[in-house]
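S.K.: Contents are CSV, N, CA and C atoms; file name target-v1.csv:
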chain,number,residue,atom,x,y,z
A,1,MET,N,-65.2,-5.5,-38.0
A,1,MET,CA,-64.0,-4.8,-37.7
A,1,MET,C,-63.7,-3.8,-38.8
A,2,LEU,N,-63.9,-4.2,-40.1
A,2,LEU,CA,-63.5,-3.4,-41.2
A,2,LEU,C,-64.3,-2.1,-41.2
A,3,SER,N,-65.6,-2.1,-40.8
A,3,SER,CA,-66.4,-0.9,-40.8
A,3,SER,C,-65.9,0.2,-39.8
A,4,GLY,N,-65.0,-0.2,-38.9
A,4,GLY,CA,-64.5,0.7,-37.9
A,4,GLY,C,-63.3,1.5,-38.4
A,5,PHE,N,-62.8,1.2,-39.6
A,5,PHE,CA,-61.7,1.9,-40.2
A,5,PHE,C,-62.2,2.6,-41.5
A,6,PRO,N,-62.3,4.0,-41.5
A,6,PRO,CA,-62.8,4.7,-42.6
A,6,PRO,C,-62.0,4.5,-43.9
A,7,ALA,N,-60.7,4.4,-43.8
A,7,ALA,CA,-59.9,4.3,-45.0
A,7,ALA,C,-60.2,3.0,-45.7
A,8,SER,N,-60.9,2.0,-45.1
A,8,SER,CA,-61.2,0.7,-45.7
A,8,SER,C,-62.6,0.7,-46.4
A,9,ALA,N,-63.2,1.9,-46.5
A,9,ALA,CA,-64.6,1.9,-47.0
A,9,ALA,C,-64.7,1.4,-48.4
A,10,GLY,N,-63.7,1.5,-49.3
A,10,GLY,CA,-63.8,1.0,-50.7
A,10,GLY,C,-63.5,-0.5,-50.8
A,11,THR,N,-63.1,-1.2,-49.7
A,11,THR,CA,-62.7,-2.5,-49.8
A,11,THR,C,-63.9,-3.5,-49.8
A,12,ASP,N,-63.8,-4.5,-50.6
A,12,ASP,CA,-64.9,-5.5,-50.7
A,12,ASP,C,-64.9,-6.3,-49.4
A,13,PRO,N,-65.9,-6.2,-48.5
A,13,PRO,CA,-65.8,-6.8,-47.2
A,13,PRO,C,-65.8,-8.3,-47.2
A,14,ASP,N,-66.5,-8.9,-48.2
A,14,ASP,CA,-66.4,-10.4,-48.3
A,14,ASP,C,-65.0,-10.9,-48.6
A,15,MET,N,-64.4,-10.2,-49.5
A,15,MET,CA,-63.0,-10.7,-49.9
A,15,MET,C,-62.0,-10.4,-48.8
A,16,ALA,N,-62.2,-9.3,-48.1
A,16,ALA,CA,-61.3,-9.0,-47.0
A,16,ALA,C,-61.5,-10.0,-45.8
A,17,ILE,N,-62.8,-10.4,-45.5
A,17,ILE,CA,-63.0,-11.3,-44.5
A,17,ILE,C,-62.4,-12.7,-44.8
A,18,ARG,N,-62.6,-13.1,-46.1
A,18,ARG,CA,-62.0,-14.4,-46.5
A,18,ARG,C,-60.4,-14.4,-46.4
A,19,ALA,N,-59.8,-13.2,-46.7
A,19,ALA,CA,-58.4,-13.1,-46.6
A,19,ALA,C,-58.0,-13.2,-45.1
A,20,TYR,N,-58.7,-12.5,-44.2
A,20,TYR,CA,-58.4,-12.5,-42.8
A,20,TYR,C,-58.6,-13.9,-42.3
A,21,LEU,N,-59.6,-14.6,-42.7
A,21,LEU,CA,-59.9,-16.0,-42.2
A,21,LEU,C,-58.8,-17.0,-42.7
A,22,MET,N,-58.3,-16.8,-43.9
A,22,MET,CA,-57.3,-17.6,-44.4
A,22,MET,C,-56.0,-17.4,-43.6
A,23,ALA,N,-55.7,-16.1,-43.4
A,23,ALA,CA,-54.4,-15.7,-42.7
A,23,ALA,C,-54.4,-16.2,-41.2
A,24,SER,N,-55.6,-16.3,-40.6
A,24,SER,CA,-55.7,-16.6,-39.2
A,24,SER,C,-56.2,-18.0,-39.0
A,25,GLY,N,-56.1,-18.9,-40.0
A,25,GLY,CA,-56.6,-20.3,-39.9
A,25,GLY,C,-56.0,-21.0,-38.7
A,26,GLY,N,-56.9,-21.8,-38.1
A,26,GLY,CA,-56.4,-22.6,-36.9
A,26,GLY,C,-56.4,-21.8,-35.6
A,27,ILE,N,-56.8,-20.6,-35.6
A,27,ILE,CA,-56.9,-19.8,-34.4
A,27,ILE,C,-58.3,-19.9,-33.8
A,28,GLU,N,-58.4,-20.1,-32.5
A,28,GLU,CA,-59.7,-20.2,-32.0
A,28,GLU,C,-60.5,-18.9,-31.9
A,29,PRO,N,-61.8,-19.0,-32.0
A,29,PRO,CA,-62.7,-17.7,-32.1
A,29,PRO,C,-62.4,-16.7,-31.0
A,30,GLU,N,-62.1,-17.1,-29.8
A,30,GLU,CA,-61.8,-16.1,-28.7
A,30,GLU,C,-60.6,-15.3,-29.0
A,31,ALA,N,-59.6,-15.9,-29.6
A,31,ALA,CA,-58.4,-15.1,-30.0
A,31,ALA,C,-58.7,-14.2,-31.1
A,32,LEU,N,-59.5,-14.7,-32.1
A,32,LEU,CA,-59.9,-13.8,-33.2
A,32,LEU,C,-60.6,-12.6,-32.7
A,33,ALA,N,-61.6,-12.8,-31.8
A,33,ALA,CA,-62.3,-11.7,-31.2
A,33,ALA,C,-61.5,-10.7,-30.4
A,34,ARG,N,-60.5,-11.2,-29.6
A,34,ARG,CA,-59.6,-10.4,-28.9
A,34,ARG,C,-58.8,-9.5,-29.8
A,35,ALA,N,-58.2,-10.2,-30.8
A,35,ALA,CA,-57.4,-9.4,-31.8
A,35,ALA,C,-58.2,-8.3,-32.5
A,36,ALA,N,-59.4,-8.7,-33.0
A,36,ALA,CA,-60.2,-7.7,-33.7
A,36,ALA,C,-60.5,-6.5,-32.7
A,37,GLY,N,-60.8,-6.8,-31.5
A,37,GLY,CA,-61.1,-5.8,-30.5
A,37,GLY,C,-59.9,-4.9,-30.2
A,38,ARG,N,-58.8,-5.5,-30.1
A,38,ARG,CA,-57.6,-4.7,-29.9
A,38,ARG,C,-57.3,-3.7,-31.0
A,39,PHE,N,-57.5,-4.2,-32.3
A,39,PHE,CA,-57.3,-3.3,-33.4
A,39,PHE,C,-58.3,-2.2,-33.4
A,40,MET,N,-59.6,-2.5,-33.1
A,40,MET,CA,-60.6,-1.5,-33.2
A,40,MET,C,-60.5,-0.5,-32.1
A,41,ARG,N,-59.9,-0.9,-30.9
A,41,ARG,CA,-59.7,0.1,-29.8
A,41,ARG,C,-58.3,0.8,-30.0
A,42,GLY,N,-57.6,0.5,-31.0
A,42,GLY,CA,-56.3,1.1,-31.2
A,42,GLY,C,-55.2,0.7,-30.2
A,43,GLU,N,-55.3,-0.5,-29.7
A,43,GLU,CA,-54.3,-1.0,-28.7
A,43,GLU,C,-53.1,-1.7,-29.2
A,44,VAL,N,-53.1,-2.0,-30.5
A,44,VAL,CA,-52.0,-2.7,-31.1
A,44,VAL,C,-50.9,-1.8,-31.4
A,45,GLU,N,-49.8,-2.0,-30.7
A,45,GLU,CA,-48.6,-1.1,-30.9
A,45,GLU,C,-48.0,-1.1,-32.3
A,46,GLY,N,-47.7,0.0,-32.8
A,46,GLY,CA,-47.1,0.1,-34.1
A,46,GLY,C,-48.0,0.1,-35.3
A,47,HIS,N,-49.3,0.0,-35.0
A,47,HIS,CA,-50.3,-0.1,-36.1
A,47,HIS,C,-50.9,1.3,-36.3
A,48,ASN,N,-51.0,1.7,-37.6
A,48,ASN,CA,-51.6,3.0,-38.0
A,48,ASN,C,-53.1,2.8,-37.9
A,49,ASN,N,-53.7,3.5,-36.9
A,49,ASN,CA,-55.1,3.3,-36.6
A,49,ASN,C,-56.1,3.9,-37.7
A,50,ALA,N,-55.5,4.6,-38.6
A,50,ALA,CA,-56.4,5.1,-39.7
A,50,ALA,C,-56.8,4.0,-40.7
A,51,PHE,N,-56.0,2.9,-40.7
A,51,PHE,CA,-56.2,1.8,-41.7
A,51,PHE,C,-56.5,0.5,-41.0
A,52,ALA,N,-57.3,-0.3,-41.7
A,52,ALA,CA,-57.5,-1.7,-41.2
A,52,ALA,C,-56.2,-2.4,-41.3
A,53,PRO,N,-56.0,-3.4,-40.4
A,53,PRO,CA,-54.7,-4.1,-40.4
A,53,PRO,C,-54.6,-5.0,-41.7
A,54,SER,N,-53.4,-5.2,-42.1
A,54,SER,CA,-53.2,-6.2,-43.2
A,54,SER,C,-53.5,-7.6,-42.6
A,55,CYS,N,-53.6,-8.5,-43.5
A,55,CYS,CA,-53.9,-9.9,-43.1
A,55,CYS,C,-52.8,-10.4,-42.2
A,56,ALA,N,-51.5,-10.1,-42.6
A,56,ALA,CA,-50.4,-10.5,-41.8
A,56,ALA,C,-50.4,-9.9,-40.4
A,57,GLU,N,-50.7,-8.6,-40.3
A,57,GLU,CA,-50.8,-8.0,-39.0
A,57,GLU,C,-51.9,-8.6,-38.1
A,58,PHE,N,-53.0,-8.9,-38.8
A,58,PHE,CA,-54.1,-9.4,-38.0
A,58,PHE,C,-53.8,-10.9,-37.6
A,59,ALA,N,-53.2,-11.6,-38.4
A,59,ALA,CA,-52.8,-13.0,-38.1
A,59,ALA,C,-51.7,-13.0,-37.0
A,60,GLU,N,-50.8,-12.1,-37.0
A,60,GLU,CA,-49.8,-12.0,-36.0
A,60,GLU,C,-50.4,-11.7,-34.6
A,61,GLU,N,-51.4,-10.7,-34.6
A,61,GLU,CA,-52.1,-10.4,-33.3
A,61,GLU,C,-52.9,-11.6,-32.9
A,62,CYS,N,-53.5,-12.3,-33.8
A,62,CYS,CA,-54.3,-13.5,-33.4
A,62,CYS,C,-53.4,-14.5,-32.8
A,63,ARG,N,-52.3,-14.7,-33.3
A,63,ARG,CA,-51.3,-15.7,-32.7
A,63,ARG,C,-50.9,-15.3,-31.3
A,64,PHE,N,-50.7,-14.0,-31.2
A,64,PHE,CA,-50.3,-13.5,-29.9
A,64,PHE,C,-51.4,-13.7,-28.9
A,65,GLN,N,-52.6,-13.4,-29.3
A,65,GLN,CA,-53.8,-13.6,-28.4
A,65,GLN,C,-54.0,-15.1,-28.1
A,66,GLN,N,-53.7,-15.9,-29.0
A,66,GLN,CA,-53.8,-17.4,-28.8
A,66,GLN,C,-52.8,-17.8,-27.8
A,67,MET,N,-51.6,-17.3,-27.8
A,67,MET,CA,-50.6,-17.7,-26.8
A,67,MET,C,-51.0,-17.1,-25.5
A,68,SER,N,-51.6,-15.9,-25.4
A,68,SER,CA,-52.0,-15.4,-24.1
A,68,SER,C,-53.1,-16.2,-23.5
A,69,ILE,N,-54.0,-16.7,-24.3
A,69,ILE,CA,-55.1,-17.5,-23.8
A,69,ILE,C,-54.6,-18.8,-23.3
A,70,ALA,N,-53.6,-19.4,-24.0
A,70,ALA,CA,-53.0,-20.7,-23.6
A,70,ALA,C,-52.3,-20.5,-22.3
A,71,ALA,N,-51.6,-19.4,-22.1
A,71,ALA,CA,-50.9,-19.1,-20.9
A,71,ALA,C,-51.9,-18.9,-19.7
A,72,GLU,N,-53.0,-18.2,-20.0
A,72,GLU,CA,-54.0,-18.0,-18.9
A,72,GLU,C,-54.6,-19.3,-18.5
A,73,ARG,N,-54.7,-20.3,-19.4
A,73,ARG,CA,-55.4,-21.6,-19.0
A,73,ARG,C,-54.4,-22.6,-18.3
A,74,ARG,N,-53.1,-22.3,-18.4
A,74,ARG,CA,-52.2,-23.2,-17.8
A,74,ARG,C,-52.4,-23.2,-16.3
A,75,PRO,N,-52.3,-24.4,-15.7
A,75,PRO,CA,-52.5,-24.5,-14.2
A,75,PRO,C,-51.3,-23.7,-13.5
A,76,ARG,N,-51.6,-23.0,-12.5
A,76,ARG,CA,-50.6,-22.3,-11.8
A,76,ARG,C,-50.0,-23.1,-10.7
A,77,ILE,N,-48.7,-23.0,-10.5
A,77,ILE,CA,-48.0,-23.7,-9.5
A,77,ILE,C,-48.0,-22.9,-8.2
A,78,GLU,N,-48.5,-23.6,-7.2
A,78,GLU,CA,-48.5,-22.9,-5.9
A,78,GLU,C,-47.1,-22.8,-5.3
A,79,ALA,N,-46.9,-21.6,-4.8
A,79,ALA,CA,-45.6,-21.4,-4.1
A,79,ALA,C,-45.6,-22.2,-2.8
A,80,LYS,N,-44.5,-22.9,-2.5
A,80,LYS,CA,-44.3,-23.6,-1.3
A,80,LYS,C,-44.2,-22.7,-0.1
A,81,PRO,N,-44.8,-23.0,1.0
A,81,PRO,CA,-44.6,-22.1,2.1
A,81,PRO,C,-43.2,-22.1,2.6
A,82,GLU,N,-42.8,-20.9,3.0
A,82,GLU,CA,-41.4,-20.8,3.4
A,82,GLU,C,-41.2,-21.5,4.8
A,83,VAL,N,-40.2,-22.3,4.8
A,83,VAL,CA,-39.9,-23.1,6.0
A,83,VAL,C,-39.1,-22.2,7.0
A,84,GLU,N,-39.6,-22.2,8.2
A,84,GLU,CA,-38.9,-21.3,9.2
A,84,GLU,C,-37.5,-21.9,9.5
A,85,GLN,N,-36.5,-21.0,9.3
A,85,GLN,CA,-35.2,-21.4,9.6
A,85,GLN,C,-34.7,-20.9,11.0
A,86,PRO,N,-33.8,-21.6,11.6
A,86,PRO,CA,-33.4,-21.1,12.9
A,86,PRO,C,-32.6,-19.8,12.7
A,87,LYS,N,-32.8,-18.9,13.6
A,87,LYS,CA,-32.2,-17.6,13.6
A,87,LYS,C,-30.7,-17.7,14.1
A,88,VAL,N,-29.9,-16.9,13.5
A,88,VAL,CA,-28.5,-16.9,14.0
A,88,VAL,C,-28.4,-15.7,14.9
A,89,SER,N,-27.8,-15.9,16.0
A,89,SER,CA,-27.7,-14.8,17.0
A,89,SER,C,-26.8,-13.6,16.5
A,90,ALA,N,-27.1,-12.5,17.0
A,90,ALA,CA,-26.4,-11.3,16.5
A,90,ALA,C,-24.9,-11.4,16.9
A,91,GLU,N,-24.6,-12.0,18.0
A,91,GLU,CA,-23.3,-12.2,18.5
A,91,GLU,C,-22.5,-13.0,17.5
A,92,LYS,N,-23.1,-14.1,17.0
A,92,LYS,CA,-22.4,-15.0,16.1
A,92,LYS,C,-22.2,-14.3,14.7
A,93,LEU,N,-23.2,-13.5,14.3
A,93,LEU,CA,-23.0,-12.7,13.1
A,93,LEU,C,-21.9,-11.7,13.2
A,94,LYS,N,-21.8,-11.0,14.3
A,94,LYS,CA,-20.7,-10.1,14.5
A,94,LYS,C,-19.4,-10.7,14.5
A,95,LEU,N,-19.3,-11.9,15.2
A,95,LEU,CA,-18.0,-12.6,15.2
A,95,LEU,C,-17.6,-13.0,13.8
A,96,LEU,N,-18.6,-13.5,13.0
A,96,LEU,CA,-18.3,-13.9,11.7
A,96,LEU,C,-17.8,-12.8,10.8
A,97,LYS,N,-18.5,-11.6,11.0
A,97,LYS,CA,-18.1,-10.4,10.2
A,97,LYS,C,-16.7,-10.0,10.6
A,98,ASP,N,-16.4,-10.0,11.9
A,98,ASP,CA,-15.1,-9.6,12.4
A,98,ASP,C,-14.0,-10.6,11.9
A,99,ALA,N,-14.4,-11.9,11.9
A,99,ALA,CA,-13.4,-12.9,11.5
A,99,ALA,C,-13.1,-12.8,10.0
A,100,THR,N,-14.1,-12.4,9.2
A,100,THR,CA,-13.8,-12.2,7.7
A,100,THR,C,-13.0,-11.0,7.5
A,101,ASN,N,-13.1,-10.0,8.4
A,101,ASN,CA,-12.3,-8.8,8.3
A,101,ASN,C,-10.9,-9.0,8.9
A,102,GLY,N,-10.5,-10.2,9.4
A,102,GLY,CA,-9.2,-10.5,9.8
A,102,GLY,C,-9.0,-10.5,11.3
A,103,SER,N,-10.0,-10.4,12.1
A,103,SER,CA,-9.8,-10.4,13.6
A,103,SER,C,-9.4,-11.7,14.2
A,104,GLN,N,-8.3,-11.8,14.8
A,104,GLN,CA,-7.7,-13.0,15.4
A,104,GLN,C,-8.6,-13.5,16.5
A,105,SER,N,-9.0,-12.6,17.4
A,105,SER,CA,-9.9,-13.0,18.5
A,105,SER,C,-11.2,-13.5,18.1
A,106,ALA,N,-11.8,-13.0,17.0
A,106,ALA,CA,-13.1,-13.5,16.5
A,106,ALA,C,-12.9,-14.9,16.0
A,107,LYS,N,-11.8,-15.1,15.3
A,107,LYS,CA,-11.6,-16.5,14.7
A,107,LYS,C,-11.4,-17.5,15.8
A,108,LYS,N,-10.7,-17.1,16.9
A,108,LYS,CA,-10.5,-18.0,18.0
A,108,LYS,C,-11.8,-18.3,18.7
A,109,LYS,N,-12.6,-17.3,18.9
A,109,LYS,CA,-13.9,-17.5,19.5
A,109,LYS,C,-14.8,-18.4,18.7
A,110,LEU,N,-14.8,-18.2,17.4
A,110,LEU,CA,-15.6,-19.0,16.5
A,110,LEU,C,-15.1,-20.5,16.5
A,111,ALA,N,-13.8,-20.7,16.6
A,111,ALA,CA,-13.2,-22.0,16.6
A,111,ALA,C,-13.6,-22.7,17.9
A,112,GLU,N,-13.7,-21.9,19.0
A,112,GLU,CA,-14.2,-22.5,20.3
A,112,GLU,C,-15.7,-22.8,20.3
A,113,MET,N,-16.4,-22.0,19.6
A,113,MET,CA,-17.9,-22.2,19.5
A,113,MET,C,-18.2,-23.4,18.6
A,114,PHE,N,-17.4,-23.6,17.5
A,114,PHE,CA,-17.7,-24.6,16.5
A,114,PHE,C,-16.5,-25.5,16.4
A,115,PRO,N,-16.1,-26.3,17.4
A,115,PRO,CA,-14.9,-27.1,17.4
A,115,PRO,C,-15.0,-28.2,16.3
A,116,ASP,N,-16.2,-28.7,15.9
A,116,ASP,CA,-16.3,-29.7,14.9
A,116,ASP,C,-16.3,-29.2,13.5
A,117,ASN,N,-16.2,-27.9,13.3
A,117,ASN,CA,-16.2,-27.4,11.9
A,117,ASN,C,-14.7,-27.2,11.5
A,118,PRO,N,-14.3,-28.1,10.5
A,118,PRO,CA,-12.9,-28.1,10.1
A,118,PRO,C,-12.5,-26.8,9.4
A,119,ILE,N,-13.4,-26.1,8.8
A,119,ILE,CA,-13.0,-24.9,8.1
A,119,ILE,C,-12.7,-23.8,9.1
A,120,ILE,N,-13.5,-23.6,10.1
A,120,ILE,CA,-13.3,-22.6,11.1
A,120,ILE,C,-12.1,-22.9,11.9
A,121,ALA,N,-11.9,-24.2,12.2
A,121,ALA,CA,-10.7,-24.6,13.0
A,121,ALA,C,-9.5,-24.3,12.3
A,122,SER,N,-9.4,-24.7,11.0
A,122,SER,CA,-8.2,-24.5,10.2
A,122,SER,C,-7.9,-23.0,10.0
A,123,ALA,N,-9.0,-22.2,9.8
A,123,ALA,CA,-8.7,-20.7,9.7
A,123,ALA,C,-8.1,-20.1,10.9
A,124,ALA,N,-8.6,-20.6,12.1
A,124,ALA,CA,-8.0,-20.1,13.3
A,124,ALA,C,-6.5,-20.6,13.5
A,125,LYS,N,-6.3,-21.8,13.1
A,125,LYS,CA,-4.9,-22.4,13.2
A,125,LYS,C,-4.0,-21.7,12.2
A,126,ASP,N,-4.4,-21.5,11.0
A,126,ASP,CA,-3.6,-20.8,10.0
A,126,ASP,C,-3.2,-19.4,10.5
A,127,ASP,N,-4.1,-18.7,11.1
A,127,ASP,CA,-3.7,-17.4,11.6
A,127,ASP,C,-2.8,-17.5,12.8
A,128,ASN,N,-2.9,-18.5,13.6
A,128,ASN,CA,-2.0,-18.7,14.7
A,128,ASN,C,-0.6,-18.9,14.2
A,129,LYS,N,-0.5,-19.7,13.2
A,129,LYS,CA,0.8,-20.0,12.6
A,129,LYS,C,1.5,-18.7,12.0
A,130,GLU,N,0.7,-17.9,11.3
A,130,GLU,CA,1.2,-16.7,10.7
A,130,GLU,C,1.6,-15.7,11.8
A,131,ALA,N,0.9,-15.7,12.9
A,131,ALA,CA,1.2,-14.8,14.0
A,131,ALA,C,2.5,-15.2,14.7
A,132,ALA,N,2.7,-16.5,14.8
A,132,ALA,CA,3.9,-17.0,15.4
A,132,ALA,C,5.2,-16.7,14.6
A,133,GLU,N,5.0,-16.7,13.3
A,133,GLU,CA,6.1,-16.5,12.3
A,133,GLU,C,6.5,-15.1,12.3
As structure tokens, what does this structure read like?

M.R.:
Amino acid sequence: MLSGFPASAGTDPDMAIRAYLMASGGIEPEALARAAGRFMRGEVEGHNNAFAPSCAEFAEECRFQQMSIAAERRPRIEAKPEVEQPKVSAEKLKLLKDATNGSQSAKKKLAEMFPDNPIIASAAKDDNKEAAE
């Protein structure tokens, strides 16, 4: 990697490699190779491509690559197939819309259609009381 950066020509490669290895200790070889490749291709955002990365920059990219590899290896959760739901008729949807907009006749029809639903029944009764007053 160091030979790909001309500004690093005067650096002792053995010492630089030791420093990189110390900074990236515990990182698996695939992550090291990915990080080095990204620096050589100039893909690391915010890095001045005229210079070799510092040990800290290299270690940070190595950790990022290690996390990416771990994420790629995690088993994927299959999405459950969508259960077919019964469709609501257009007439019922229109009645519901009209009832929410205050239509007395729509509330009455809904109460007739759903006599066991206490919310709909009470809404129709409340409006009947208000109309009588």

S.K.: Which of these, A:Glu61, A:Ser89, A:Met67, A:Lys109, has the shortest distance to Arg34 (chain A) once you count all atoms listed in the file?

M.R.: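 So, comparing all the options, the nearest one is A:Glu61.
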
S.K.: Please, what distance in Å, to one decimal, runs between CA of Thr100 (chain A) and CA of Val83 (chain A)?

M.R.: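 Between CA of Thr100 (chain A) and CA of Val83 (chain A) the gap is 28.3 Å.
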
S.K.: Here is a test: counting all atoms listed in the file, which residue of A:Ala31, A:Gly25, A:Pro115, A:Lys107 is nearest to Phe64 (chain A)?

M.R.: A:Ala31

S.K.: In region 42-112 of chain A, what's alpha helix (DSSP H) per DSSP? Answer as JSON, numbers by chain?

M.R.: {"A": [55, 56, 57, 58, 59, 60, 61, 62, 63, 64, 65, 66, 67, 68, 69, 70, 71, 72, 73, 90, 91, 92, 93, 94, 95, 96, 97, 98, 99, 100, 104, 105, 106, 107, 108, 109, 110, 111, 112]}

S.K.: Just the residues within 12 Å of region 92-97 of chain A, please, counting only C-alpha atoms, with nothing from its chain fewer than 4 positions along; format it as a ChimeraX atom specification.

M.R.: /A:87-88,101-114,120,123

S.K.: Which is closest to Pro29 (chain A) among A:Ala90, A:Asp116, A:Cys55, A:Arg63, if we use only C-alpha atoms?

M.R.: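 For Pro29 (chain A), the nearest of the candidates is A:Arg63.
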
S.K.: To one decimal in Å, tell me the separation between CA of Ala99 (chain A) and atom N of Ala124 (chain A).

M.R.: 9.1 Å

S.K.: Considering only C-alpha atoms, return as a ChimeraX atom specification whatever protein or nucleic-acid residues lie within 10 Å of region 17-24 of chain A, sequence-local ones (same chain, fewer than 6 positions apart) excluded.

M.R.: /A:1-2,31-32,53-63

S.K.: Only N, CA and C atoms, please: the residues just picked out, written as a PDB file, in the coordinates of the input.

M.R.:
ATOM      1  N   MET A   1     -65.200  -5.500 -38.000  1.00  0.00           N
ATOM      2  CA  MET A   1     -64.000  -4.800 -37.700  1.00  0.00           C
ATOM      3  C   MET A   1     -63.700  -3.800 -38.800  1.00  0.00           C
ATOM      4  N   LEU A   2     -63.900  -4.200 -40.100  1.00  0.00           N
ATOM      5  CA  LEU A   2     -63.500  -3.400 -41.200  1.00  0.00           C
ATOM      6  C   LEU A   2     -64.300  -2.100 -41.200  1.00  0.00           C
ATOM      7  N   ALA A  31     -59.600 -15.900 -29.600  1.00  0.00           N
ATOM      8  CA  ALA A  31     -58.400 -15.100 -30.000  1.00  0.00           C
ATOM      9  C   ALA A  31     -58.700 -14.200 -31.100  1.00  0.00           C
ATOM     10  N   LEU A  32     -59.500 -14.700 -32.100  1.00  0.00           N
ATOM     11  CA  LEU A  32     -59.900 -13.800 -33.200  1.00  0.00           C
ATOM     12  C   LEU A  32     -60.600 -12.600 -32.700  1.00  0.00           C
ATOM     13  N   PRO A  53     -56.000  -3.400 -40.400  1.00  0.00           N
ATOM     14  CA  PRO A  53     -54.700  -4.100 -40.400  1.00  0.00           C
ATOM     15  C   PRO A  53     -54.600  -5.000 -41.700  1.00  0.00           C
ATOM     16  N   SER A  54     -53.400  -5.200 -42.100  1.00  0.00           N
ATOM     17  CA  SER A  54     -53.200  -6.200 -43.200  1.00  0.00           C
ATOM     18  C   SER A  54     -53.500  -7.600 -42.600  1.00  0.00           C
ATOM     19  N   CYS A  55     -53.600  -8.500 -43.500  1.00  0.00           N
ATOM     20  CA  CYS A  55     -53.900  -9.900 -43.100  1.00  0.00           C
ATOM     21  C   CYS A  55     -52.800 -10.400 -42.200  1.00  0.00           C
ATOM     22  N   ALA A  56     -51.500 -10.100 -42.600  1.00  0.00           N
ATOM     23  CA  ALA A  56     -50.400 -10.500 -41.800  1.00  0.00           C
ATOM     24  C   ALA A  56     -50.400  -9.900 -40.400  1.00  0.00           C
ATOM     25  N   GLU A  57     -50.700  -8.600 -40.300  1.00  0.00           N
ATOM     26  CA  GLU A  57     -50.800  -8.000 -39.000  1.00  0.00           C
ATOM     27  C   GLU A  57     -51.900  -8.600 -38.100  1.00  0.00           C
ATOM     28  N   PHE A  58     -53.000  -8.900 -38.800  1.00  0.00           N
ATOM     29  CA  PHE A  58     -54.100  -9.400 -38.000  1.00  0.00           C
ATOM     30  C   PHE A  58     -53.800 -10.900 -37.600  1.00  0.00           C
ATOM     31  N   ALA A  59     -53.200 -11.600 -38.400  1.00  0.00           N
ATOM     32  CA  ALA A  59     -52.800 -13.000 -38.100  1.00  0.00           C
ATOM     33  C   ALA A  59     -51.700 -13.000 -37.000  1.00  0.00           C
ATOM     34  N   GLU A  60     -50.800 -12.100 -37.000  1.00  0.00           N
ATOM     35  CA  GLU A  60     -49.800 -12.000 -36.000  1.00  0.00           C
ATOM     36  C   GLU A  60     -50.400 -11.700 -34.600  1.00  0.00           C
ATOM     37  N   GLU A  61     -51.400 -10.700 -34.600  1.00  0.00           N
ATOM     38  CA  GLU A  61     -52.100 -10.400 -33.300  1.00  0.00           C
ATOM     39  C   GLU A  61     -52.900 -11.600 -32.900  1.00  0.00           C
ATOM     40  N   CYS A  62     -53.500 -12.300 -33.800  1.00  0.00           N
ATOM     41  CA  CYS A  62     -54.300 -13.500 -33.400  1.00  0.00           C
ATOM     42  C   CYS A  62     -53.400 -14.500 -32.800  1.00  0.00           C
ATOM     43  N   ARG A  63     -52.300 -14.700 -33.300  1.00  0.00           N
ATOM     44  CA  ARG A  63     -51.300 -15.700 -32.700  1.00  0.00           C
ATOM     45  C   ARG A  63     -50.900 -15.300 -31.300  1.00  0.00           C
TER      46      ARG A  63
END

S.K.: Rounded to one decimal, what separation in Å do you get between atom N of Ala33 (chain A) and atom N of Ser68 (chain A)?

M.R.: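 Spanning atom N of Ala33 (chain A) to atom N of Ser68 (chain A) is a straight-line distance of 12.3 Å.
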
S.K.: Using the file's own x, y and z axes, so that the box edges lie along x, y and z, what centre and edge lengths in Å (one decimal) does a box around every listed atom of region 37-41 of chain A get when 3 Å is added on each side? Give it as AutoDock Vina command-line options.

M.R.:
--center_x -59.2 --center_y -3.0 --center_z -31.6 --size_x 9.8 --size_y 13.6 --size_z 9.6
